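**Q** One structure, as structure tokens, below. Some questions next.
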Amino acid sequence: MIARRAALLALAAGLTLPLTAPATAHGTGEAIEIVEPWARASLAGRNSAAYMTIVNHTAARDELVAASTPVAKVVELHTHLMEGGVMRMRPVRAIEVNAGEPAVLRPGGLHVMLIDLTRDLKPGETIPLTLSFRNSGERTVEVPVVPAGARDATGHGHGRAHGPGHRH
Ligand SMILES: [Cu+2]
């Protein structure tokens with residue numbers, strides 16, 4: 001069985017076609033993996049936010065230090081803090097992404113703030129987002145836009161629709 005498994009792995013390693021893998025797949029060979037990015041639909045001149053899970057496949061500490069996109073004039077890294085019983089957004093210097101500790105960006109928590117949109121963000125499209133990591137350098141991902149009221153990447157408050165562009 002072990003020999004057969006090794007042979008299959010060797011065969012798999014020889015494949016050159018990209019595989020359409022589920023969001024939880026491993027072995028992409030990427031040091032930093034961006035899982036299920038999504039952003040909320042919004043209008044030109046307003047703000048939006050992008051969310052994702054960032055997985056560090058290296059043994060070294062790393063951190064997201066900046067982000068940019070052509071669809072927003074300013075992009076900041078934010079978190080939510082409770083202040084006097086009110087949740088407020090605050091900029092953070094960086095978002096740590098350490099081995100074995102994926103950074104989860106989600107509504108009500110850490111997020112990439114897209115400030116002063118240069119155009120409308122419409123559900124169903126994708127927007128490019130460039131993420132700068134202290135150690136791993138820059139990565140540009142295509143982020144699917146979901147309806148404004150969405151709570152997760154599926155565009156719904158619950159359940160699992162199959163959405164496009166989870167891993168580009
Ligand atoms: Cu914010």
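Each chain of the structure tokens is named A, B, ... in the order shown, its residues numbered from 1; ligands are numbered from 1 in display order.
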Hey, could you make a per-residue contact list for chain A against ligand 1 with 10 Å as the cut-off, showing the nearest pair of atoms and its distance in Å to one decimal, counting only C-alpha atoms and all ligand atoms, sorted by chain and number, as JSON lines?

**A**
```
{"residue": "A:Asn47", "atom": "CA", "partner": "ligand 1", "partner_atom_place_in_ligand_line": "1 (Cu)", "distance": 8.6}
{"residue": "A:Ser48", "atom": "CA", "partner": "ligand 1", "partner_atom_place_in_ligand_line": "1 (Cu)", "distance": 8.0}
{"residue": "A:Ala49", "atom": "CA", "partner": "ligand 1", "partner_atom_place_in_ligand_line": "1 (Cu)", "distance": 6.7}
{"residue": "A:Ala50", "atom": "CA", "partner": "ligand 1", "partner_atom_place_in_ligand_line": "1 (Cu)", "distance": 9.4}
{"residue": "A:Val75", "atom": "CA", "partner": "ligand 1", "partner_atom_place_in_ligand_line": "1 (Cu)", "distance": 9.3}
{"residue": "A:Glu76", "atom": "CA", "partner": "ligand 1", "partner_atom_place_in_ligand_line": "1 (Cu)", "distance": 7.4}
{"residue": "A:Leu77", "atom": "CA", "partner": "ligand 1", "partner_atom_place_in_ligand_line": "1 (Cu)", "distance": 7.2}
{"residue": "A:His78", "atom": "CA", "partner": "ligand 1", "partner_atom_place_in_ligand_line": "1 (Cu)", "distance": 4.8}
{"residue": "A:Thr79", "atom": "CA", "partner": "ligand 1", "partner_atom_place_in_ligand_line": "1 (Cu)", "distance": 6.6}
{"residue": "A:His80", "atom": "CA", "partner": "ligand 1", "partner_atom_place_in_ligand_line": "1 (Cu)", "distance": 7.5}
{"residue": "A:Arg88", "atom": "CA", "partner": "ligand 1", "partner_atom_place_in_ligand_line": "1 (Cu)", "distance": 8.5}
{"residue": "A:Met89", "atom": "CA", "partner": "ligand 1", "partner_atom_place_in_ligand_line": "1 (Cu)", "distance": 5.1}
{"residue": "A:Arg90", "atom": "CA", "partner": "ligand 1", "partner_atom_place_in_ligand_line": "1 (Cu)", "distance": 6.7}
{"residue": "A:Pro91", "atom": "CA", "partner": "ligand 1", "partner_atom_place_in_ligand_line": "1 (Cu)", "distance": 7.2}
{"residue": "A:Val92", "atom": "CA", "partner": "ligand 1", "partner_atom_place_in_ligand_line": "1 (Cu)", "distance": 9.9}
{"residue": "A:Pro107", "atom": "CA", "partner": "ligand 1", "partner_atom_place_in_ligand_line": "1 (Cu)", "distance": 9.5}
{"residue": "A:Gly108", "atom": "CA", "partner": "ligand 1", "partner_atom_place_in_ligand_line": "1 (Cu)", "distance": 9.2}
{"residue": "A:Gly109", "atom": "CA", "partner": "ligand 1", "partner_atom_place_in_ligand_line": "1 (Cu)", "distance": 9.0}
{"residue": "A:Leu110", "atom": "CA", "partner": "ligand 1", "partner_atom_place_in_ligand_line": "1 (Cu)", "distance": 8.1}
{"residue": "A:His111", "atom": "CA", "partner": "ligand 1", "partner_atom_place_in_ligand_line": "1 (Cu)", "distance": 6.4}
{"residue": "A:Val112", "atom": "CA", "partner": "ligand 1", "partner_atom_place_in_ligand_line": "1 (Cu)", "distance": 6.8}
{"residue": "A:Met113", "atom": "CA", "partner": "ligand 1", "partner_atom_place_in_ligand_line": "1 (Cu)", "distance": 4.6}
{"residue": "A:Leu114", "atom": "CA", "partner": "ligand 1", "partner_atom_place_in_ligand_line": "1 (Cu)", "distance": 7.7}
{"residue": "A:Ile115", "atom": "CA", "partner": "ligand 1", "partner_atom_place_in_ligand_line": "1 (Cu)", "distance": 8.4}
```

**Q** Skipping near chain neighbours, those fewer than 4 positions away, what residues fall within 9 Å of A:Val55 using only C-alpha atoms, listed as a compact mmCIF listing (two decimals) with C-alpha atoms, in the first residue's frame?

**A**
```txt
# COMPACT_ATOMS: atom_id res chain seq x y z
CA ALA A 31 4.18 30.28 1.86
CA ILE A 32 1.13 32.43 2.52
CA GLU A 33 -2.30 31.13 1.55
CA ILE A 34 -5.31 33.44 1.23
CA VAL A 35 -8.47 31.43 1.91
CA VAL A 97 0.12 35.71 10.72
CA ASN A 98 2.13 33.05 12.49
CA ALA A 99 2.67 29.38 11.75
CA GLY A 100 -0.26 27.38 13.03
CA GLU A 101 -2.24 30.52 13.84
CA PRO A 102 -4.26 31.61 10.80
CA ALA A 103 -5.37 35.22 10.88
CA VAL A 104 -9.14 35.37 10.51
```

**Q** Would you kindly return, as a list in words, each protein, DNA or RNA residue with an atom no farther than 6 Å from any atom of A:Phe133, considering only C-alpha atoms and excluding same-chain residues fewer than 6 positions away?

**A**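 The neighbour list is Glu63, Leu64 and Val65 of chain A.
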
**Q** Generate a file of the selected residues that holds C-alpha atoms, formatted as a compact mmCIF listing (two decimals), in the first residue's frame.

**A**
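Below is the file that was written, out03.txt:
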```txt
# COMPACT_ATOMS: atom_id res chain seq x y z
CA GLU A 63 2.59 39.84 9.38
CA LEU A 64 0.36 41.67 6.95
CA VAL A 65 1.68 45.23 6.99
```

**Q** Can you tell me, as a list in words, what residues are no more than 8 Å from A:Thr140 when counting only C-alpha atoms, ignoring any on the same chain fewer than 2 positions away?

**A**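 The filter keeps Pro128, Leu129, Thr130, Leu131, Glu138 and Glu142 of chain A.
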
**Q** Could you name the residues that touch A:Glu30 at 10 Å or less, counting only C-alpha atoms, but leaving out those on the same chain fewer than 5 positions away, as a list in words?

**A**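 In the requested form, the answer reads Val55, Asn56, His57, Thr58 and Ser136 of chain A.
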
**Q** Could you take the residues named above and write them with C-alpha atoms, as a PDB file, in the first residue's frame?

**A**
```pdb
ATOM      1  CA  VAL A  55      -2.620  30.900   6.559  1.00  0.00           C
ATOM      2  CA  ASN A  56       1.148  30.933   7.068  1.00  0.00           C
ATOM      3  CA  HIS A  57       2.644  27.655   5.793  1.00  0.00           C
ATOM      4  CA  THR A  58       6.182  28.596   6.794  1.00  0.00           C
ATOM      5  CA  SER A 136       6.763  36.956   2.267  1.00  0.00           C
TER       6      SER A 136
END
```

**Q** Using the chain letters and numbers from this document, which residues of stretch 40-126 of chain A does DSSP assign to strand (DSSP E), as an MDAnalysis selection string?

**A** chainID A and resid 40 48:56 62:68 72:83 86:91 95:97 103:105 111:117 126

**Q** Keeping only C-alpha atoms, take the residues you just selected and write them out as an mmCIF file, in the first residue's frame.

**A**
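Dumped to part_36.cif:
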```cif
data_model
loop_
_atom_site.group_PDB
_atom_site.id
_atom_site.type_symbol
_atom_site.label_atom_id
_atom_site.label_comp_id
_atom_site.auth_asym_id
_atom_site.auth_seq_id
_atom_site.Cartn_x
_atom_site.Cartn_y
_atom_site.Cartn_z
ATOM 1 C CA ARG A 40 -18.928 43.761 0.488
ATOM 2 C CA SER A 48 -16.195 48.792 1.999
ATOM 3 C CA ALA A 49 -14.201 46.059 3.698
ATOM 4 C CA ALA A 50 -12.460 42.862 2.626
ATOM 5 C CA TYR A 51 -12.312 39.702 4.715
ATOM 6 C CA MET A 52 -10.349 36.451 4.423
ATOM 7 C CA THR A 53 -8.399 33.851 6.329
ATOM 8 C CA ILE A 54 -4.620 34.080 5.981
ATOM 9 C CA VAL A 55 -2.620 30.900 6.559
ATOM 10 C CA ASN A 56 1.148 30.933 7.068
ATOM 11 C CA ASP A 62 5.044 36.985 9.440
ATOM 12 C CA GLU A 63 2.588 39.840 9.378
ATOM 13 C CA LEU A 64 0.364 41.668 6.951
ATOM 14 C CA VAL A 65 1.679 45.231 6.989
ATOM 15 C CA ALA A 66 -0.227 46.940 4.173
ATOM 16 C CA ALA A 67 -2.762 46.446 1.409
ATOM 17 C CA SER A 68 -3.823 48.300 -1.714
ATOM 18 C CA ALA A 72 -10.136 52.434 -3.218
ATOM 19 C CA LYS A 73 -8.208 55.649 -2.646
ATOM 20 C CA VAL A 74 -7.066 54.562 0.813
ATOM 21 C CA VAL A 75 -6.688 51.070 2.245
ATOM 22 C CA GLU A 76 -6.111 50.490 5.957
ATOM 23 C CA LEU A 77 -5.826 47.487 8.250
ATOM 24 C CA HIS A 78 -8.537 47.722 10.916
ATOM 25 C CA THR A 79 -9.859 45.920 13.921
ATOM 26 C CA HIS A 80 -12.940 46.452 16.078
ATOM 27 C CA LEU A 81 -12.583 47.428 19.716
ATOM 28 C CA MET A 82 -15.188 47.912 22.403
ATOM 29 C CA GLU A 83 -14.985 51.447 23.743
ATOM 30 C CA VAL A 86 -19.681 50.786 21.637
ATOM 31 C CA MET A 87 -17.869 48.809 18.944
ATOM 32 C CA ARG A 88 -15.521 51.081 17.020
ATOM 33 C CA MET A 89 -13.089 50.462 14.199
ATOM 34 C CA ARG A 90 -9.447 51.268 14.829
ATOM 35 C CA PRO A 91 -6.453 51.094 12.473
ATOM 36 C CA ILE A 95 -1.944 41.818 11.407
ATOM 37 C CA GLU A 96 0.155 38.938 12.711
ATOM 38 C CA VAL A 97 0.118 35.707 10.721
ATOM 39 C CA ALA A 103 -5.367 35.225 10.885
ATOM 40 C CA VAL A 104 -9.144 35.366 10.514
ATOM 41 C CA LEU A 105 -10.493 38.613 9.072
ATOM 42 C CA HIS A 111 -10.594 43.588 8.247
ATOM 43 C CA VAL A 112 -9.009 45.344 5.298
ATOM 44 C CA MET A 113 -10.769 48.704 5.115
ATOM 45 C CA LEU A 114 -11.410 50.026 1.622
ATOM 46 C CA ILE A 115 -11.875 53.778 2.001
ATOM 47 C CA ASP A 116 -13.351 56.142 -0.600
ATOM 48 C CA LEU A 117 -14.126 53.693 -3.410
ATOM 49 C CA THR A 126 -14.020 40.399 -8.332
#
```

**Q** Quick check, in Å to one decimal: how far apart do atom CA of A:Arg119 and atom CA of A:Ala150 lie?

**A**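 Atom-to-atom, atom CA of A:Arg119 and atom CA of A:Ala150 are spaced 19.6 Å apart.
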
**Q** Quick check, in Å to one decimal: how far apart do atom CA of A:Arg139 and atom CA of A:Ala60 lie?

**A**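 So the two atoms, atom CA of A:Arg139 and atom CA of A:Ala60, lie 17.3 Å apart.
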
**Q** What is the atom CA of A:Ser132 to atom CA of A:Arg106 distance in Å?

**A**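 Computed distance, atom CA of A:Ser132 to atom CA of A:Arg106, equals 18.7 Å.
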